[in-house]
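Trainee: So here's structure.tsv (TSV, C-alpha atoms and all ligand atoms).
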chain	number	residue	atom	x	y	z
A	770	MET	CA	-4.61	22.29	49.73
A	771	ASP	CA	-0.88	22.87	49.53
A	772	GLY	CA	1.32	25.94	49.53
A	773	ASN	CA	0.15	28.00	52.51
A	774	GLY	CA	3.60	28.03	54.10
A	775	ARG	CA	5.34	29.11	50.89
A	776	TRP	CA	2.74	31.81	50.30
A	777	ALA	CA	3.63	33.35	53.66
A	778	GLU	CA	7.38	32.83	53.36
A	779	LEU	CA	7.38	34.60	49.98
A	780	ARG	CA	5.97	37.62	51.79
A	781	GLY	CA	8.31	37.38	54.78
A	782	GLN	CA	5.39	36.48	57.02
A	783	PRO	CA	4.98	33.68	59.57
A	784	ARG	CA	3.60	30.43	58.07
A	785	LEU	CA	0.41	30.80	60.04
A	786	GLU	CA	-0.50	33.88	57.99
A	787	GLY	CA	-0.46	31.59	54.96
A	788	HIS	CA	-2.82	29.18	56.68
A	789	ARG	CA	-5.10	32.11	57.55
A	790	GLU	CA	-5.17	33.27	53.93
A	791	GLY	CA	-5.68	29.63	52.91
A	792	SER	CA	-8.84	29.44	55.00
A	793	ALA	CA	-10.25	32.28	52.86
A	794	SER	CA	-9.64	30.03	49.82
A	795	VAL	CA	-11.47	27.22	51.61
A	796	ARG	CA	-14.51	29.46	52.09
A	797	GLU	CA	-14.46	30.61	48.48
A	798	VAL	CA	-13.92	27.17	46.93
A	799	ALA	CA	-16.62	25.58	49.11
A	800	ARG	CA	-19.06	28.34	48.19
A	801	THR	CA	-18.26	27.92	44.49
A	802	ALA	CA	-18.64	24.15	44.67
A	803	ARG	CA	-22.09	24.58	46.18
A	804	ARG	CA	-23.05	27.22	43.61
A	805	VAL	CA	-22.15	25.05	40.62
A	806	GLY	CA	-23.99	22.08	42.14
A	807	LEU	CA	-21.25	19.62	43.10
A	808	SER	CA	-22.64	16.82	45.21
A	809	ALA	CA	-19.49	16.42	47.29
A	810	LEU	CA	-16.32	18.32	48.09
A	811	THR	CA	-13.57	16.85	50.27
A	812	LEU	CA	-10.82	19.07	51.61
A	813	TYR	CA	-7.52	17.66	52.87
A	814	ALA	CA	-7.09	20.04	55.76
A	815	PHE	CA	-4.73	18.12	58.08
A	816	SER	CA	-2.92	14.84	57.47
A	817	SER	CA	-1.95	12.14	59.95
A	818	GLN	CA	1.65	13.17	59.22
A	819	ASN	CA	1.02	16.88	59.89
A	820	TRP	CA	1.01	16.19	63.67
A	821	ALA	CA	4.82	16.02	63.43
A	822	ARG	CA	5.08	19.69	62.38
A	823	PRO	CA	6.34	22.22	64.97
A	824	SER	CA	3.85	22.35	67.84
A	825	GLU	CA	3.12	26.09	67.36
A	826	GLU	CA	2.12	25.45	63.76
A	827	VAL	CA	-0.11	22.50	64.74
A	828	ALA	CA	-1.76	24.61	67.45
A	829	GLY	CA	-2.21	27.51	65.01
A	830	LEU	CA	-3.87	25.21	62.49
A	831	MET	CA	-6.17	23.78	65.16
A	832	HIS	CA	-7.25	27.27	66.22
A	833	LEU	CA	-7.93	28.23	62.61
A	834	LEU	CA	-9.98	25.09	62.21
A	835	ARG	CA	-12.06	25.97	65.22
A	836	GLU	CA	-12.52	29.50	63.88
A	837	TYR	CA	-13.63	28.10	60.53
A	838	LEU	CA	-16.17	25.71	62.08
A	839	GLU	CA	-17.65	28.49	64.20
A	840	SER	CA	-17.73	31.21	61.55
A	841	GLU	CA	-19.17	28.94	58.83
A	842	TYR	CA	-21.90	27.46	61.03
A	843	SER	CA	-24.80	29.51	59.60
A	844	GLU	CA	-23.46	29.55	56.03
A	845	ILE	CA	-23.35	25.73	56.05
A	846	LEU	CA	-26.81	25.32	57.54
A	847	ASP	CA	-28.42	28.06	55.43
A	848	ASN	CA	-27.13	26.46	52.23
A	849	GLY	CA	-28.30	22.93	52.93
A	850	ILE	CA	-24.71	21.65	53.19
A	851	ARG	CA	-23.97	18.52	55.21
A	852	LEU	CA	-20.69	18.74	57.08
A	853	ASN	CA	-18.75	15.52	57.37
A	854	ALA	CA	-15.29	14.56	58.60
A	855	ILE	CA	-12.96	11.69	57.76
A	856	GLY	CA	-9.81	10.69	59.62
A	857	GLU	CA	-8.83	9.97	63.21
A	858	VAL	CA	-11.03	12.75	64.51
A	859	ASP	CA	-10.62	11.51	68.11
A	860	LYS	CA	-7.07	12.81	68.01
A	861	LEU	CA	-8.22	16.41	67.58
A	862	PRO	CA	-8.30	18.66	70.66
A	863	ARG	CA	-11.65	19.09	72.42
A	864	TYR	CA	-11.97	22.71	71.26
A	865	VAL	CA	-12.02	21.48	67.63
A	866	ARG	CA	-13.99	18.26	68.19
A	867	ASP	CA	-16.85	20.06	69.95
A	868	PRO	CA	-17.74	22.57	67.20
A	869	LEU	CA	-17.09	19.83	64.62
A	870	GLU	CA	-19.53	17.43	66.26
A	871	ARG	CA	-22.09	20.20	66.70
A	872	LEU	CA	-21.96	21.16	63.02
A	873	ARG	CA	-21.99	17.51	61.96
A	874	ALA	CA	-25.06	16.76	64.06
A	875	ASP	CA	-26.92	19.97	63.17
A	876	SER	CA	-26.35	19.54	59.43
A	877	ALA	CA	-26.90	15.76	59.36
A	878	HIS	CA	-30.26	15.97	57.59
A	879	ASN	CA	-29.20	18.44	54.91
A	880	GLN	CA	-29.61	17.16	51.37
A	881	GLY	CA	-27.32	19.56	49.51
A	882	MET	CA	-23.58	19.17	48.99
A	883	VAL	CA	-21.57	17.04	51.42
A	884	LEU	CA	-18.57	19.02	52.59
A	885	THR	CA	-16.03	16.61	54.03
A	886	LEU	CA	-13.01	17.75	56.00
A	887	ALA	CA	-10.15	15.28	56.06
A	888	LEU	CA	-8.71	15.84	59.53
A	889	SER	CA	-5.88	13.77	60.94
A	890	TYR	CA	-6.46	11.79	57.75
A	891	GLY	CA	-4.15	9.38	55.95
A	892	GLY	CA	-5.05	7.01	53.12
A	893	ARG	CA	-2.81	4.26	54.46
A	894	GLU	CA	-4.23	4.74	57.96
A	895	GLU	CA	-7.73	4.42	56.48
A	896	LEU	CA	-6.83	1.15	54.73
A	897	VAL	CA	-5.23	-0.25	57.90
A	898	HIS	CA	-8.39	0.63	59.81
A	899	ALA	CA	-10.56	-1.12	57.19
A	900	ALA	CA	-8.32	-4.22	57.28
A	901	GLN	CA	-8.64	-4.36	61.07
A	902	GLN	CA	-12.43	-4.07	60.90
A	903	LEU	CA	-12.65	-6.87	58.34
A	904	ALA	CA	-10.24	-9.07	60.31
A	905	ARG	CA	-12.27	-8.53	63.49
A	906	ALA	CA	-15.49	-9.50	61.73
A	907	ALA	CA	-13.81	-12.60	60.29
A	908	ALA	CA	-12.36	-13.56	63.68
A	909	ARG	CA	-15.84	-13.29	65.22
A	910	GLY	CA	-17.03	-15.67	62.53
A	911	GLU	CA	-19.35	-13.05	61.02
A	912	LEU	CA	-17.48	-12.73	57.74
A	913	ASP	CA	-16.16	-15.38	55.38
A	914	PRO	CA	-12.73	-14.19	54.09
A	915	GLU	CA	-13.59	-15.65	50.68
A	916	ARG	CA	-16.42	-13.17	50.44
A	917	ILE	CA	-14.23	-10.10	50.93
A	918	GLY	CA	-14.32	-8.07	47.73
A	919	GLU	CA	-14.06	-4.41	46.80
A	920	LYS	CA	-17.56	-3.68	48.07
A	921	GLU	CA	-16.86	-5.22	51.48
A	922	LEU	CA	-13.62	-3.29	51.86
A	923	GLU	CA	-15.22	-0.04	50.72
A	924	ALA	CA	-17.91	-0.44	53.35
A	925	HIS	CA	-15.22	-0.01	56.00
A	926	LEU	CA	-13.54	3.06	54.53
A	927	TRP	CA	-14.17	6.41	56.23
A	928	THR	CA	-15.56	7.65	52.89
A	929	GLN	CA	-18.30	5.02	52.97
A	930	GLY	CA	-21.52	6.65	51.74
A	931	LEU	CA	-19.78	9.37	49.73
A	932	PRO	CA	-20.11	9.35	45.93
A	933	PRO	CA	-17.19	7.94	43.90
A	934	LEU	CA	-14.19	10.26	43.65
A	935	ASP	CA	-14.16	12.05	40.27
A	936	LEU	CA	-11.45	14.67	40.49
A	937	VAL	CA	-8.46	15.33	42.73
A	938	VAL	CA	-6.90	18.77	42.69
A	939	ARG	CA	-3.51	19.49	44.22
A	940	THR	CA	-2.17	23.01	44.38
A	941	SER	CA	1.36	24.41	44.80
A	942	GLY	CA	2.98	22.72	41.81
A	943	GLU	CA	3.93	19.49	43.62
A	944	PHE	CA	3.20	16.24	41.78
A	945	ARG	CA	2.36	13.93	44.66
A	946	VAL	CA	-0.74	12.50	46.28
A	947	SER	CA	0.66	12.62	49.83
A	948	ASN	CA	-1.43	9.85	51.35
A	949	PHE	CA	-4.79	11.29	50.24
A	950	LEU	CA	-7.74	8.98	49.35
A	951	LEU	CA	-5.42	6.27	48.02
A	952	TRP	CA	-8.06	3.63	47.39
A	953	GLN	CA	-10.65	6.09	46.11
A	954	MET	CA	-8.19	7.66	43.68
A	955	ALA	CA	-7.92	4.52	41.50
A	956	TYR	CA	-9.95	6.01	38.62
A	957	ALA	CA	-10.13	9.65	39.64
A	958	GLU	CA	-8.92	12.36	37.31
A	959	LEU	CA	-5.92	14.27	38.66
A	960	TYR	CA	-5.31	17.98	38.28
A	961	PHE	CA	-2.16	19.72	39.44
A	962	ALA	CA	-2.44	23.48	39.73
A	963	ASP	CA	0.73	25.54	39.65
A	964	MET	CA	-0.65	27.93	42.21
A	965	LEU	CA	-0.27	28.22	45.98
A	966	TRP	CA	-3.46	27.36	47.87
A	967	PRO	CA	-4.09	30.90	49.21
A	968	ASP	CA	-4.13	32.10	45.58
A	969	PHE	CA	-6.51	29.35	44.48
A	970	ARG	CA	-9.91	31.03	44.43
A	971	ALA	CA	-13.22	30.71	42.55
A	972	GLU	CA	-11.78	31.46	39.11
A	973	ALA	CA	-8.98	28.89	39.40
A	974	PHE	CA	-11.44	26.31	40.70
A	975	LEU	CA	-13.88	26.89	37.84
A	976	ARG	CA	-11.01	26.63	35.35
A	977	CYS	CA	-10.08	23.28	36.83
A	978	LEU	CA	-13.68	22.01	36.63
A	979	ALA	CA	-13.79	23.09	32.98
A	980	HIS	CA	-10.62	21.04	32.36
A	981	TYR	CA	-12.23	18.06	34.05
A	982	GLN	CA	-15.24	18.31	31.73
A	983	GLN	CA	-12.92	17.82	28.75
A	984	ARG	CA	-11.46	14.57	30.07
A	985	GLU	CA	-12.53	11.22	28.69
A	986	ARG	CA	-12.86	8.75	31.54
A	987	ARG	CA	-12.38	5.28	30.13
A	988	PHE	CA	-12.15	3.09	33.26
A	989	GLY	CA	-9.98	0.61	31.36
A	990	LEU	CA	-12.21	0.50	28.28
A	991	THR	CA	-11.43	1.83	24.81
A	992	SER	CA	-12.67	5.10	23.47
A	993	ALA	CA	-14.68	3.27	20.78
A	994	GLN	CA	-16.46	1.17	23.42
A	995	LEU	CA	-17.42	4.27	25.36
A	996	GLN	CA	-18.78	5.93	22.24
A	997	ARG	CA	-20.88	2.86	21.44
A	998	GLU	CA	-22.28	2.88	24.97
A	999	GLU	CA	-23.06	6.56	24.61
A	1000	THR	CA	-25.01	6.04	21.34
A	1001	GLN	CA	-26.91	3.14	22.89
A	1002	ARG	CA	-27.79	5.28	25.91
A	1003	ALA	CA	-28.97	8.08	23.63
A	1004	LYS	CA	-31.21	5.65	21.69
A	1005	ALA	CA	-32.73	4.11	24.81
A	1101	LIG	C1	-1.08	23.76	53.68
A	1101	LIG	O1	0.11	24.05	53.06
A	1101	LIG	C2	-1.24	22.32	54.05
A	1101	LIG	C3	-1.64	22.12	55.49
A	1101	LIG	C4	-1.02	21.27	56.26
A	1101	LIG	C5	-2.76	22.86	56.05
A	1101	LIG	P1	1.56	23.80	53.67
A	1101	LIG	O2	1.60	24.23	55.09
A	1101	LIG	O3	1.97	22.39	53.40
A	1101	LIG	O4	2.42	24.80	52.78
A	1101	LIG	P2	3.89	24.59	52.19
A	1101	LIG	O5	3.88	23.29	51.43
A	1101	LIG	O6	4.85	24.59	53.33
A	1101	LIG	O7	4.06	25.77	51.28
A	1102	MG	MG	3.03	21.47	51.89
Mind turning the file's structure into C-alpha cells?

Mentor:
Amino acid sequence: MDGNGRWAELRGQPRLEGHREGSASVREVARTARRVGLSALTLYAFSSQNWARPSEEVAGLMHLLREYLESEYSEILDNGIRLNAIGEVDKLPRYVRDPLERLRADSAHNQGMVLTLALSYGGREELVHAAQQLARAAARGELDPERIGEKELEAHLWTQGLPPLDLVVRTSGEFRVSNFLLWQMAYAELYFADMLWPDFRAEAFLRCLAHYQQRERRFGLTSAQLQREETQRAKA
C-alpha cells in the first residue's frame, strides 16, 4: 500500500492526512475482497524498515492503526473475517498490541476470509527468524539438517497456515517488492498499479482481480502441458 505520503504532498497536506485517507482505502479494499469471496487478503501496513521514519510519522501511523482496529471490530466479527498479523508484533506499542490481540482472539474461530496485517514485517526478517528456528531445532537434536526442505522451512514462516500467495499488488507506480513476502512471492503474479494508495478503491481492486484472471500461471511448465492437464481434469 504505497503512495500515501505523495497523495498528501500533492495536496499540500501533512503526510499523515495521506495515511488517514489510505486507511479508507484499506476499509474499502478489505470489504471488496470479502464480498468477492477471496479466502485471504494480506496488507503490508508497516515494514520493519518503516520504524526509521520520523518519529511523528511513526506515532501517527500507530494511532491510525489503533483507530482502525477499534473501528473495524464489529465489521470484522459480523462478516466472519479472521484477523491475523505477521511480523515482529512485539515491537508495536501496547496501545496497538492490545486491540490487535483482542481482535485476533475474538475472531480466531471465524471461517470466512483471513485478513492479515503485516506489521513491523520484513521478508528478510521472516527468513532469518525461520533459519534461527530450524537451527535451534537441529541443535537440540530434534531435526536432521538433511531433512530440511521447502515444507520444513515454510512451517516456520509467519505466513504458515495461510493459502499460497496468488497475487501481489503494489500501488504508486513503483516497481519494487520492498521486502514483502519474499519467499512466498516465488510464483505469485505481480500487478503494479499506477495509482496512489488513497486513490485505490473498490473499482481499481476489481480491475486488478480481472487482470489476474487473465494470467496463465505455468509454475515452470509449458502452456501445452497445462492445457493437457486441464483436459484430463475435465474428463475425470
Ligand atoms: C504508505 O505510503 C506506506 C506506509 C508506510 C503506511 P508511503 O508513506 O510510503 O507514501 P509515499 O511513498 O511517501 O508516497
Ligand atoms: Mg512509499

Trainee: Per residue of chain A within 12 Å of ligand MG 1102 (chain A), what are the shortest atom pair and its distance in Å to one decimal, counting all atoms listed in the file, with rows by chain and residue number, as CSV?

Mentor:
residue,atom,partner,partner_atom,distance
A:Met770,CA,A:MG1102,MG,8.0
A:Asp771,CA,A:MG1102,MG,4.8
A:Gly772,CA,A:MG1102,MG,5.3
A:Asn773,CA,A:MG1102,MG,7.2
A:Gly774,CA,A:MG1102,MG,6.9
A:Arg775,CA,A:MG1102,MG,8.0
A:Trp776,CA,A:MG1102,MG,10.5
A:Arg784,CA,A:MG1102,MG,10.9
A:Gly787,CA,A:MG1102,MG,11.1
A:His788,CA,A:MG1102,MG,10.8
A:Gly791,CA,A:MG1102,MG,12.0
A:Tyr813,CA,A:MG1102,MG,11.3
A:Ala814,CA,A:MG1102,MG,10.9
A:Phe815,CA,A:MG1102,MG,10.5
A:Ser816,CA,A:MG1102,MG,10.5
A:Gln818,CA,A:MG1102,MG,11.2
A:Asn819,CA,A:MG1102,MG,9.4
A:Arg822,CA,A:MG1102,MG,10.8
A:Arg939,CA,A:MG1102,MG,10.3
A:Thr940,CA,A:MG1102,MG,9.3
A:Ser941,CA,A:MG1102,MG,7.9
A:Gly942,CA,A:MG1102,MG,10.2
A:Glu943,CA,A:MG1102,MG,8.6
A:Phe944,CA,A:MG1102,MG,11.4
A:Arg945,CA,A:MG1102,MG,10.5
A:Val946,CA,A:MG1102,MG,11.2
A:Ser947,CA,A:MG1102,MG,9.4
A:Leu965,CA,A:MG1102,MG,9.6
A:Trp966,CA,A:MG1102,MG,9.6

Trainee: Select, counting all atoms listed in the file, all protein, DNA and RNA residues no farther than 12 Å from (-11.3, 28.2, 64.5) in file coordinates, and express the selection as JSON, numbers by chain.

Mentor: {"A": [788, 789, 792, 828, 829, 830, 831, 832, 833, 834, 835, 836, 837, 838, 839, 840, 841, 842, 862, 864, 865, 866, 867, 868, 869]}

Trainee: Between CA of Tyr890 (chain A) and CA of Val827 (chain A), what is the spacing in Å?

Mentor: 14.3 Å

Trainee: Can you tell me which residues surround Ile850 (chain A) at a distance of at most 9 Å, considering all atoms listed in the file, apart from same-chain residues fewer than 5 positions away, and format the answer as a list in words?

Mentor: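 Residues near the query, excluding close chain neighbours: Arg803, Glu844, Ile845, Ser876, Ala877, Asn879, Gln880, Gly881, Met882, Val883 and Leu884 of chain A.
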
Trainee: Padding 4 Å on every side, please: axis-aligned box over the listed atoms of ligand LIG 1101 (chain A), centre and edge lengths to one decimal in Å, as lines of an AutoDock Vina configuration file.

Mentor:
center_x = 1.0
center_y = 23.5
center_z = 53.8
size_x = 15.6
size_y = 12.5
size_z = 13.0

Trainee: Extract, using all atoms listed in the file, all DNA, RNA and protein residues at most 7 Å from region 892-897 of chain A, discarding same-chain residues fewer than 5 positions from it, and format them as a PyMOL selection string.

Mentor: chain A and resi 926-927+948-951

Trainee: For CA of Thr801 (chain A) and CA of Pro783 (chain A), quote the distance in Å rounded to one decimal.

Mentor: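 The value is 28.3 Å.
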
Trainee: Can you work out which one of A:Leu785, A:Ala900, A:Leu978, A:Ala906 has the shortest atom-to-atom distance to ligand LIG 1101 (chain A), counting all atoms listed in the file?

Mentor: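 When distances to ligand LIG 1101 (chain A) are compared using all atoms listed in the file, the smallest one comes from A:Leu785.
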
Trainee: Separation of CA of Leu872 (chain A) and CA of Arg796 (chain A), in Å?

Mentor: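 For CA of Leu872 (chain A) relative to CA of Arg796 (chain A), the distance reads 15.6 Å.
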
Trainee: Pick from A:Ala899, A:Leu886, A:Ala1005, A:Val798: nearest to ligand LIG 1101 (chain A), with all atoms listed in the file counted?

Mentor: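 Nearest candidate to ligand LIG 1101 (chain A) out of A:Ala899, A:Leu886, A:Ala1005, A:Val798: A:Leu886.
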
Trainee: Counting only C-alpha atoms and all ligand atoms, figure out which residue out of A:Asp935, A:Asp847, A:Asp968, A:Asp913 gets nearest to ligand LIG 1101 (chain A).

Mentor: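 Checking each of A:Asp935, A:Asp847, A:Asp968, A:Asp913 against ligand LIG 1101 (chain A), counting only C-alpha atoms and all ligand atoms, the winner is A:Asp968.
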